[in-house]
Amino acid sequence: MPGSADQLLFAYGTLLRPTTQLDVFGRLVHADDDILPGYALRYCDGEDPRAADPAAHTVLPLLRPTGSELDKVPGQLLHLSPDELDAADEFQVPLYRRARVTVASGRRAWLYLRRPEATA
């Protein structure tokens with residue numbers, strides 16, 4: 001494993017796929033199930049500039065903060081090294097920005113939120 005995997009990243013979509021993890025990190029990442037409270041997940045059609053054909057339409061996840069304790073998004077905490085977190089940034093930057101959140105387990109983690117200008 002490259003470096004120390006001391007960075008936690010809450011993933012709820014593409015980064016959970018084994019093929020994406022192998023492409024982005026060069027390995028399958030250790031992960032723990034967790035929940036993100038106060039957010040709702042919806043999906044929208046859009047163009048994904050990360051795809052082989054950037055003009056191809058795809059369905060993209062969109063997290064929306066609600067602040068309601070009734071809203072929860074299941075996902076996983078990925079254990080990443082600082083270099084792997086940088087690699088995740090490069091992969092996500094066209095559509096997402098990184099933010100800090102506290103998940104249901106009480107741990108602080110990074111999270112990718114859609115950029116407002118990328119919202120369909």
# chains A, B, ... in the order shown; residues from 1 in each chain; ligands from 1
>>> select_by_dssp(residues="chain A", states="strand (DSSP E)", output="VMD selection string")
chain A and resid 7 to 11 31 to 37 39 to 47 57 to 65 72 to 80 96 to 102 108 to 114
>>> residues_around(residues="range 5-17 of chain A", least_positions_apart="6", cutoff="7 Å", atoms="only C-alpha atoms", output="list in words")
Pro61, Pro74, Gly75, Gln76, Leu77, Leu78, His79, Leu80, Ser81, Pro82, Ala109, Trp110 and Leu111 of chain A
>>> write_last_selection(atoms="N, CA and C atoms", output="compact mmCIF listing (two decimals), in the first residue's frame")
# COMPACT_ATOMS: atom_id res chain seq x y z
N PRO A 61 -24.50 10.59 -9.50
CA PRO A 61 -25.08 10.82 -8.18
C PRO A 61 -24.90 12.27 -7.75
N PRO A 74 -26.22 5.80 2.67
CA PRO A 74 -25.27 4.72 2.96
C PRO A 74 -24.07 4.81 2.03
N GLY A 75 -22.93 4.41 2.55
CA GLY A 75 -21.72 4.41 1.74
C GLY A 75 -20.62 3.68 2.47
N GLN A 76 -19.40 3.97 2.10
CA GLN A 76 -18.24 3.34 2.73
C GLN A 76 -17.15 4.37 2.96
N LEU A 77 -16.41 4.18 4.04
CA LEU A 77 -15.23 4.98 4.32
C LEU A 77 -14.04 4.27 3.70
N LEU A 78 -13.44 4.88 2.70
CA LEU A 78 -12.25 4.33 2.06
C LEU A 78 -11.03 4.79 2.84
N HIS A 79 -10.11 3.87 3.11
CA HIS A 79 -8.86 4.18 3.82
C HIS A 79 -7.79 4.44 2.76
N LEU A 80 -7.39 5.70 2.62
CA LEU A 80 -6.47 6.12 1.57
C LEU A 80 -5.21 6.75 2.13
N SER A 81 -4.14 6.67 1.37
CA SER A 81 -2.93 7.41 1.68
C SER A 81 -3.11 8.84 1.17
N PRO A 82 -2.27 9.78 1.61
CA PRO A 82 -2.36 11.14 1.05
C PRO A 82 -2.21 11.16 -0.47
N ALA A 109 -14.37 12.61 7.84
CA ALA A 109 -13.95 12.06 6.55
C ALA A 109 -14.09 13.13 5.48
N TRP A 110 -13.39 12.90 4.39
CA TRP A 110 -13.56 13.72 3.20
C TRP A 110 -14.75 13.19 2.43
N LEU A 111 -15.32 14.04 1.60
CA LEU A 111 -16.50 13.72 0.81
C LEU A 111 -16.46 14.55 -0.45
>>> select_by_dssp(residues="chain A", states="alpha helix (DSSP H)", output="VMD selection string")
chain A and resid 18 to 25 82 to 92
>>> closest_atom_pairs(of="range 13-50 of chain A", to="range 105-108 of chain A", cutoff="10 Å", atoms="only C-alpha atoms", output="Markdown table")
| residue | atom | partner | partner_atom | distance |
| --- | --- | --- | --- | --- |
| A:Asp33 | CA | A:Ser105 | CA | 9.4 |
| A:Asp34 | CA | A:Ser105 | CA | 6.6 |
| A:Ile35 | CA | A:Ser105 | CA | 7.6 |
| A:Leu36 | CA | A:Ser105 | CA | 9.0 |
>>> write_last_selection(atoms="all heavy atoms", output="short mmCIF file (atom, residue, chain, number, x, y, z; two decimals), in the first residue's frame")
data_model
loop_
_atom_site.label_atom_id
_atom_site.label_comp_id
_atom_site.auth_asym_id
_atom_site.auth_seq_id
_atom_site.Cartn_x
_atom_site.Cartn_y
_atom_site.Cartn_z
N ASP A 33 -18.20 0.10 6.13
CA ASP A 33 -19.54 0.63 5.90
C ASP A 33 -19.80 1.77 6.88
O ASP A 33 -19.39 1.72 8.05
CB ASP A 33 -20.60 -0.46 6.11
CG ASP A 33 -20.56 -1.52 5.04
OD1 ASP A 33 -20.07 -1.24 3.93
OD2 ASP A 33 -21.04 -2.64 5.31
N ASP A 34 -20.49 2.81 6.42
CA ASP A 34 -20.87 3.93 7.28
C ASP A 34 -22.06 4.63 6.64
O ASP A 34 -22.49 4.25 5.55
CB ASP A 34 -19.70 4.89 7.50
CG ASP A 34 -19.69 5.45 8.93
OD1 ASP A 34 -20.77 5.81 9.44
OD2 ASP A 34 -18.60 5.54 9.51
N ILE A 35 -22.55 5.63 7.31
CA ILE A 35 -23.72 6.37 6.84
C ILE A 35 -23.43 7.86 6.99
O ILE A 35 -22.83 8.30 7.97
CB ILE A 35 -24.96 6.00 7.66
CG1 ILE A 35 -25.33 4.53 7.38
CG2 ILE A 35 -26.14 6.91 7.35
CD1 ILE A 35 -26.42 3.98 8.25
N LEU A 36 -23.88 8.63 6.00
CA LEU A 36 -23.76 10.08 6.04
C LEU A 36 -25.12 10.66 6.42
O LEU A 36 -26.06 10.63 5.62
CB LEU A 36 -23.32 10.60 4.67
CG LEU A 36 -23.17 12.11 4.55
CD1 LEU A 36 -22.07 12.64 5.47
CD2 LEU A 36 -22.89 12.49 3.10
#
>>> atom_distance(atom1="CA of Asp86 in chain A", atom2="CA of Tyr43 in chain A")
25.4 Å
>>> atom_distance(atom1="CA of Gly67 in chain A", atom2="CA of Leu41 in chain A")
12.9 Å
>>> closest_residue(among="A:Leu28, A:Thr66, A:Leu60, A:Glu84", to="Tyr96 in chain A", atoms="only C-alpha atoms")
A:Leu60
>>> closest_residue(among="A:Cys44, A:Val103, A:Leu63, A:Ala88", to="Asp23 in chain A", atoms="only C-alpha atoms")
A:Ala88
>>> closest_residue(among="A:Gln92, A:Gln21, A:Ser4, A:Ser68", to="Arg114 in chain A", atoms="only C-alpha atoms")
A:Gln92
